[in-house]
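*Asks:* Just start.txt, nothing more (compact mmCIF, N, CA and C atoms):
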```txt
# COMPACT_ATOMS: atom_id res chain seq x y z
N MET A 199 116.12 77.13 84.77
CA MET A 199 115.05 77.35 85.73
C MET A 199 115.56 78.25 86.84
N SER A 200 114.73 79.19 87.25
CA SER A 200 115.13 80.10 88.32
C SER A 200 115.00 79.42 89.67
N GLU A 201 115.64 80.02 90.66
CA GLU A 201 115.56 79.48 92.01
C GLU A 201 114.16 79.66 92.58
N GLN A 202 113.80 78.77 93.48
CA GLN A 202 112.51 78.88 94.15
C GLN A 202 112.49 80.14 95.01
N PRO A 203 111.39 80.88 94.99
CA PRO A 203 111.32 82.07 95.83
C PRO A 203 111.27 81.69 97.31
N VAL A 204 111.77 82.59 98.14
CA VAL A 204 111.68 82.39 99.58
C VAL A 204 110.25 82.71 99.99
N LEU A 205 109.59 81.74 100.56
CA LEU A 205 108.20 81.93 100.95
C LEU A 205 108.12 82.49 102.37
N PRO A 206 107.20 83.41 102.59
CA PRO A 206 107.08 83.97 103.93
C PRO A 206 106.56 82.94 104.91
N ASP A 207 107.05 83.04 106.13
CA ASP A 207 106.59 82.16 107.19
C ASP A 207 105.36 82.79 107.85
N PHE A 208 104.52 81.98 108.43
CA PHE A 208 103.38 82.50 109.19
C PHE A 208 103.17 81.58 110.37
N GLN A 209 102.75 82.19 111.47
CA GLN A 209 102.58 81.45 112.72
C GLN A 209 101.13 81.45 113.22
N SER A 210 100.24 82.05 112.44
CA SER A 210 98.85 82.13 112.88
C SER A 210 97.96 82.41 111.67
N GLY A 211 96.67 82.30 111.89
CA GLY A 211 95.72 82.65 110.84
C GLY A 211 95.82 84.12 110.47
N GLU A 212 96.10 84.96 111.46
CA GLU A 212 96.25 86.40 111.20
C GLU A 212 97.44 86.65 110.28
N GLU A 213 98.55 85.98 110.56
CA GLU A 213 99.74 86.17 109.73
C GLU A 213 99.53 85.60 108.33
N PHE A 214 98.84 84.47 108.23
CA PHE A 214 98.55 83.91 106.91
C PHE A 214 97.68 84.87 106.11
N ALA A 215 96.67 85.45 106.75
CA ALA A 215 95.81 86.43 106.08
C ALA A 215 96.62 87.62 105.60
N ALA A 216 97.59 88.05 106.40
CA ALA A 216 98.43 89.19 106.01
C ALA A 216 99.31 88.83 104.81
N VAL A 217 99.85 87.62 104.80
CA VAL A 217 100.66 87.16 103.66
C VAL A 217 99.80 87.15 102.39
N MET A 218 98.61 86.60 102.49
CA MET A 218 97.74 86.53 101.32
C MET A 218 97.30 87.91 100.87
N ALA A 219 97.04 88.81 101.81
CA ALA A 219 96.68 90.19 101.45
C ALA A 219 97.84 90.86 100.72
N GLY A 220 99.07 90.58 101.17
CA GLY A 220 100.24 91.12 100.49
C GLY A 220 100.38 90.59 99.07
N LEU A 221 100.15 89.30 98.89
CA LEU A 221 100.20 88.72 97.55
C LEU A 221 99.12 89.31 96.65
N ALA A 222 97.93 89.49 97.21
CA ALA A 222 96.83 90.07 96.44
C ALA A 222 97.18 91.50 96.02
N ALA A 223 97.74 92.27 96.93
CA ALA A 223 98.12 93.65 96.61
C ALA A 223 99.19 93.67 95.52
N ARG A 224 100.13 92.74 95.60
CA ARG A 224 101.18 92.67 94.58
C ARG A 224 100.59 92.33 93.22
N LEU A 225 99.65 91.38 93.18
CA LEU A 225 99.02 91.03 91.92
C LEU A 225 98.19 92.19 91.37
N HIS A 226 97.49 92.91 92.23
CA HIS A 226 96.76 94.11 91.78
C HIS A 226 97.73 95.10 91.15
N ALA A 227 98.88 95.29 91.77
CA ALA A 227 99.88 96.24 91.23
C ALA A 227 100.39 95.75 89.88
N LYS A 228 100.71 94.48 89.78
CA LYS A 228 101.19 93.93 88.50
C LYS A 228 100.11 94.06 87.43
N ASN A 229 98.87 93.88 87.84
CA ASN A 229 97.77 94.00 86.90
C ASN A 229 97.70 95.43 86.34
N ARG A 230 97.90 96.42 87.18
CA ARG A 230 97.89 97.81 86.71
C ARG A 230 99.10 98.11 85.83
N ILE A 231 100.25 97.50 86.16
CA ILE A 231 101.50 97.83 85.47
C ILE A 231 101.64 97.11 84.14
N TRP A 232 101.45 95.78 84.11
CA TRP A 232 101.74 95.06 82.87
C TRP A 232 100.71 94.04 82.42
N LEU A 233 99.60 93.91 83.11
CA LEU A 233 98.59 92.95 82.66
C LEU A 233 97.39 93.63 82.00
N GLY A 234 97.46 94.92 81.83
CA GLY A 234 96.42 95.62 81.09
C GLY A 234 95.08 95.69 81.81
N GLU A 235 95.12 95.74 83.14
CA GLU A 235 93.88 95.80 83.93
C GLU A 235 92.97 94.61 83.63
N SER A 236 93.55 93.43 83.60
CA SER A 236 92.82 92.20 83.33
C SER A 236 91.75 91.96 84.39
N GLY A 237 90.52 91.71 83.94
CA GLY A 237 89.45 91.37 84.86
C GLY A 237 89.72 90.06 85.57
N TYR A 238 90.34 89.12 84.86
CA TYR A 238 90.67 87.82 85.47
C TYR A 238 91.69 88.01 86.59
N ALA A 239 92.75 88.77 86.32
CA ALA A 239 93.78 88.99 87.34
C ALA A 239 93.21 89.74 88.54
N TRP A 240 92.30 90.68 88.28
CA TRP A 240 91.68 91.43 89.36
C TRP A 240 90.88 90.50 90.27
N LEU A 241 90.09 89.61 89.68
CA LEU A 241 89.30 88.68 90.48
C LEU A 241 90.20 87.66 91.18
N LEU A 242 91.25 87.23 90.53
CA LEU A 242 92.19 86.30 91.15
C LEU A 242 92.85 86.93 92.37
N ALA A 243 93.22 88.19 92.27
CA ALA A 243 93.81 88.89 93.42
C ALA A 243 92.80 88.95 94.57
N ARG A 244 91.56 89.22 94.27
CA ARG A 244 90.53 89.24 95.30
C ARG A 244 90.35 87.86 95.93
N LEU A 245 90.44 86.81 95.10
CA LEU A 245 90.32 85.44 95.60
C LEU A 245 91.48 85.11 96.54
N ILE A 246 92.67 85.52 96.18
CA ILE A 246 93.84 85.27 97.04
C ILE A 246 93.64 85.91 98.41
N ALA A 247 93.18 87.16 98.43
CA ALA A 247 92.92 87.82 99.70
C ALA A 247 91.81 87.11 100.46
N ALA A 248 90.76 86.68 99.76
CA ALA A 248 89.65 85.99 100.40
C ALA A 248 90.10 84.68 101.03
N LEU A 249 91.03 83.99 100.41
CA LEU A 249 91.56 82.75 100.98
C LEU A 249 92.17 83.01 102.35
N GLY A 250 92.95 84.07 102.45
CA GLY A 250 93.57 84.41 103.73
C GLY A 250 92.55 84.78 104.78
N GLU A 251 91.59 85.61 104.39
CA GLU A 251 90.54 86.03 105.33
C GLU A 251 89.73 84.83 105.81
N ASP A 252 89.37 83.97 104.88
CA ASP A 252 88.54 82.82 105.24
C ASP A 252 89.31 81.86 106.15
N PHE A 253 90.57 81.62 105.84
CA PHE A 253 91.37 80.71 106.67
C PHE A 253 91.46 81.24 108.10
N ARG A 254 91.71 82.55 108.23
CA ARG A 254 91.79 83.16 109.56
C ARG A 254 90.51 82.91 110.35
N GLU A 255 89.37 83.13 109.73
CA GLU A 255 88.10 82.95 110.42
C GLU A 255 87.76 81.47 110.63
N ALA A 256 88.10 80.64 109.67
CA ALA A 256 87.76 79.21 109.76
C ALA A 256 88.47 78.53 110.92
N LEU A 257 89.67 78.99 111.25
CA LEU A 257 90.41 78.37 112.35
C LEU A 257 89.66 78.44 113.67
N ALA A 258 88.84 79.46 113.85
CA ALA A 258 88.12 79.64 115.10
C ALA A 258 86.66 79.20 115.02
N ASP A 259 86.24 78.62 113.92
CA ASP A 259 84.83 78.28 113.72
C ASP A 259 84.62 76.79 113.96
N PRO A 260 83.91 76.42 115.03
CA PRO A 260 83.70 75.00 115.31
C PRO A 260 82.89 74.29 114.23
N GLU A 261 82.02 75.01 113.53
CA GLU A 261 81.25 74.40 112.44
C GLU A 261 82.18 73.96 111.30
N VAL A 262 83.19 74.78 111.01
CA VAL A 262 84.16 74.43 109.97
C VAL A 262 84.93 73.19 110.39
N ALA A 263 85.34 73.15 111.65
CA ALA A 263 86.08 71.98 112.15
C ALA A 263 85.24 70.72 112.00
N GLN A 264 83.96 70.81 112.26
CA GLN A 264 83.09 69.64 112.12
C GLN A 264 82.90 69.27 110.65
N ASP A 265 82.71 70.27 109.81
CA ASP A 265 82.49 70.00 108.38
C ASP A 265 83.70 69.35 107.73
N PHE A 266 84.90 69.82 108.09
CA PHE A 266 86.12 69.38 107.40
C PHE A 266 86.92 68.35 108.19
N GLY A 267 86.60 68.16 109.45
CA GLY A 267 87.29 67.17 110.25
C GLY A 267 88.67 67.62 110.70
N GLU A 268 89.31 66.75 111.44
CA GLU A 268 90.67 66.98 111.95
C GLU A 268 91.26 65.62 112.29
N ALA A 269 92.43 65.64 112.90
CA ALA A 269 93.13 64.38 113.16
C ALA A 269 92.32 63.42 114.03
N TYR A 270 91.52 63.94 114.95
CA TYR A 270 90.83 63.08 115.90
C TYR A 270 89.33 62.99 115.65
N GLN A 271 88.83 63.75 114.70
CA GLN A 271 87.40 63.76 114.43
C GLN A 271 87.19 63.71 112.92
N PRO A 272 86.50 62.71 112.41
CA PRO A 272 86.27 62.65 110.97
C PRO A 272 85.36 63.80 110.52
N ALA A 273 85.48 64.16 109.27
CA ALA A 273 84.66 65.23 108.71
C ALA A 273 83.21 64.81 108.66
N ARG A 274 82.34 65.77 108.88
CA ARG A 274 80.92 65.46 108.78
C ARG A 274 80.47 65.52 107.32
N LEU A 275 81.26 66.21 106.45
CA LEU A 275 80.96 66.29 105.02
C LEU A 275 81.88 65.36 104.24
N ASP A 276 81.38 64.81 103.15
CA ASP A 276 82.25 64.02 102.28
C ASP A 276 83.13 64.97 101.45
N ASP A 277 84.06 64.41 100.69
CA ASP A 277 85.03 65.24 99.96
C ASP A 277 84.37 66.24 99.02
N ALA A 278 83.37 65.80 98.27
CA ALA A 278 82.71 66.69 97.33
C ALA A 278 81.97 67.80 98.07
N ALA A 279 81.32 67.46 99.16
CA ALA A 279 80.60 68.47 99.94
C ALA A 279 81.56 69.45 100.60
N GLN A 280 82.75 68.97 101.00
CA GLN A 280 83.75 69.88 101.56
C GLN A 280 84.18 70.91 100.52
N LEU A 281 84.43 70.45 99.31
CA LEU A 281 84.80 71.37 98.24
C LEU A 281 83.69 72.37 97.98
N ASP A 282 82.46 71.90 97.93
CA ASP A 282 81.32 72.78 97.73
C ASP A 282 81.23 73.82 98.85
N ALA A 283 81.44 73.39 100.10
CA ALA A 283 81.37 74.30 101.24
C ALA A 283 82.47 75.34 101.18
N LEU A 284 83.68 74.91 100.84
CA LEU A 284 84.80 75.85 100.73
C LEU A 284 84.53 76.88 99.63
N LEU A 285 84.11 76.42 98.49
CA LEU A 285 83.84 77.34 97.38
C LEU A 285 82.69 78.29 97.71
N ALA A 286 81.69 77.80 98.44
CA ALA A 286 80.57 78.67 98.84
C ALA A 286 81.05 79.75 99.80
N ARG A 287 81.95 79.38 100.72
CA ARG A 287 82.49 80.38 101.66
C ARG A 287 83.25 81.46 100.89
N LEU A 288 84.06 81.04 99.93
CA LEU A 288 84.84 82.01 99.16
C LEU A 288 83.93 82.84 98.26
N ARG A 289 82.95 82.21 97.66
CA ARG A 289 82.02 82.95 96.79
C ARG A 289 81.30 84.04 97.58
N ALA A 290 80.91 83.71 98.80
CA ALA A 290 80.21 84.70 99.64
C ALA A 290 81.09 85.92 99.90
N ARG A 291 82.40 85.72 99.97
CA ARG A 291 83.32 86.84 100.17
C ARG A 291 83.51 87.67 98.91
N LEU A 292 83.38 87.03 97.77
CA LEU A 292 83.68 87.71 96.50
C LEU A 292 82.46 88.34 95.85
N VAL A 293 81.28 87.84 96.15
CA VAL A 293 80.06 88.36 95.54
C VAL A 293 79.27 89.07 96.63
N ARG A 294 79.39 90.37 96.64
CA ARG A 294 78.70 91.16 97.67
C ARG A 294 77.94 92.27 97.04
```
Do you think you could lay out the structure here as C-alpha cells?
*Replies:*
Amino acid sequence: MSEQPVLPDFQSGEEFAAVMAGLAARLHAKNRIWLGESGYAWLLARLIAALGEDFREALADPEVAQDFGEAYQPARLDDAAQLDALLARLRARLVR
C-alpha cells in the first residue's frame, strides 16, 4: 500500500473552494490524458468544484445554518431533508 497523500490545509471557505477547484482541474487534466474524455469523470470534476463553491457560500448563509444546525442550535431539517437540500444546492450549480 502506498503512503497517504499529504492533504492541503485550509483556513477558510475561500481556501477550501480553492483546494477543491484545484482537485477538479487535476481530474479534468487526467480525464484528457488517460481517462478517454469520460463523461462521468468530467461531471465528477464539476461536482468537486461545486462542493467547494457551495461550502464557501454556505458558511455565510444563515438559512443554511438553520437548515443544518450547529453545536448550539438543532437543525430545522431532519437528516433526509438535509441530504435532499444539499443535493439540490449542488444540482443547481451543475445544471444550468
*Asks:* When you draw a straight line from atom C of Gln264 of chain A to atom C of Leu284 of chain A, how long is it in Å?
*Replies:*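 Computing the Euclidean distance for atom C of Gln264 of chain A and atom C of Leu284 of chain A yields 13.5 Å.
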*Asks:* Do you know which residues are at most 12 Å from Val217 of chain A counting only C-alpha atoms, after dropping those on the same chain fewer than 2 positions away, and could you put them as a list in words?
*Replies:*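 Answer for this query is Leu205, Pro206, Asp207, Phe208, Gln209, Ser210, Gly211, Glu212, Glu213, Phe214, Ala215, Ala219, Gly220, Leu221, Ala222, Ala223, Arg224, Ile246, Ala247, Ala248, Leu249, Gly250, Glu251, Phe253 and Arg254 of chain A.
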*Asks:* Find the residue from A:Ala263, A:Ala283, A:Met218, A:Ala273 that sits nearest to Leu242 of chain A; use only C-alpha atoms when measuring.
*Replies:*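 Residue with the minimum atom-to-atom distance to Leu242 of chain A: A:Met218.
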*Asks:* Measure the distance from atom CA of Ala227 of chain A to atom CA of Leu281 of chain A in Å and round it to one decimal.
*Replies:*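 Separation of atom CA of Ala227 of chain A and atom CA of Leu281 of chain A: 29.9 Å.
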*Asks:* Between atom N of Trp232 of chain A and atom N of Arg244 of chain A, measure the distance and give it in Å to one decimal.
*Replies:*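 Between atom N of Trp232 of chain A and atom N of Arg244 of chain A the gap works out to 15.6 Å.
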*Asks:* Between A:Pro260, A:Tyr270, A:Asp252, A:His226, which residue has the minimum interatomic distance to Ala286 of chain A, considering only C-alpha atoms?
*Replies:* A:Asp252
*Asks:* From chain A, collect each residue whose DSSP state is alpha helix (DSSP H) and return the set as a PyMOL selection string.
*Replies:* chain A and resi 211-232+237-256+260-266+277-292
*Asks:* Do a neighbour search on Arg274 of chain A at 7 Å with all atoms listed in the file, toss out local chain neighbours closer than 2 positions, and write the hits as a VMD selection string.
*Replies:* chain A and resid 263 to 267 271 to 272 276
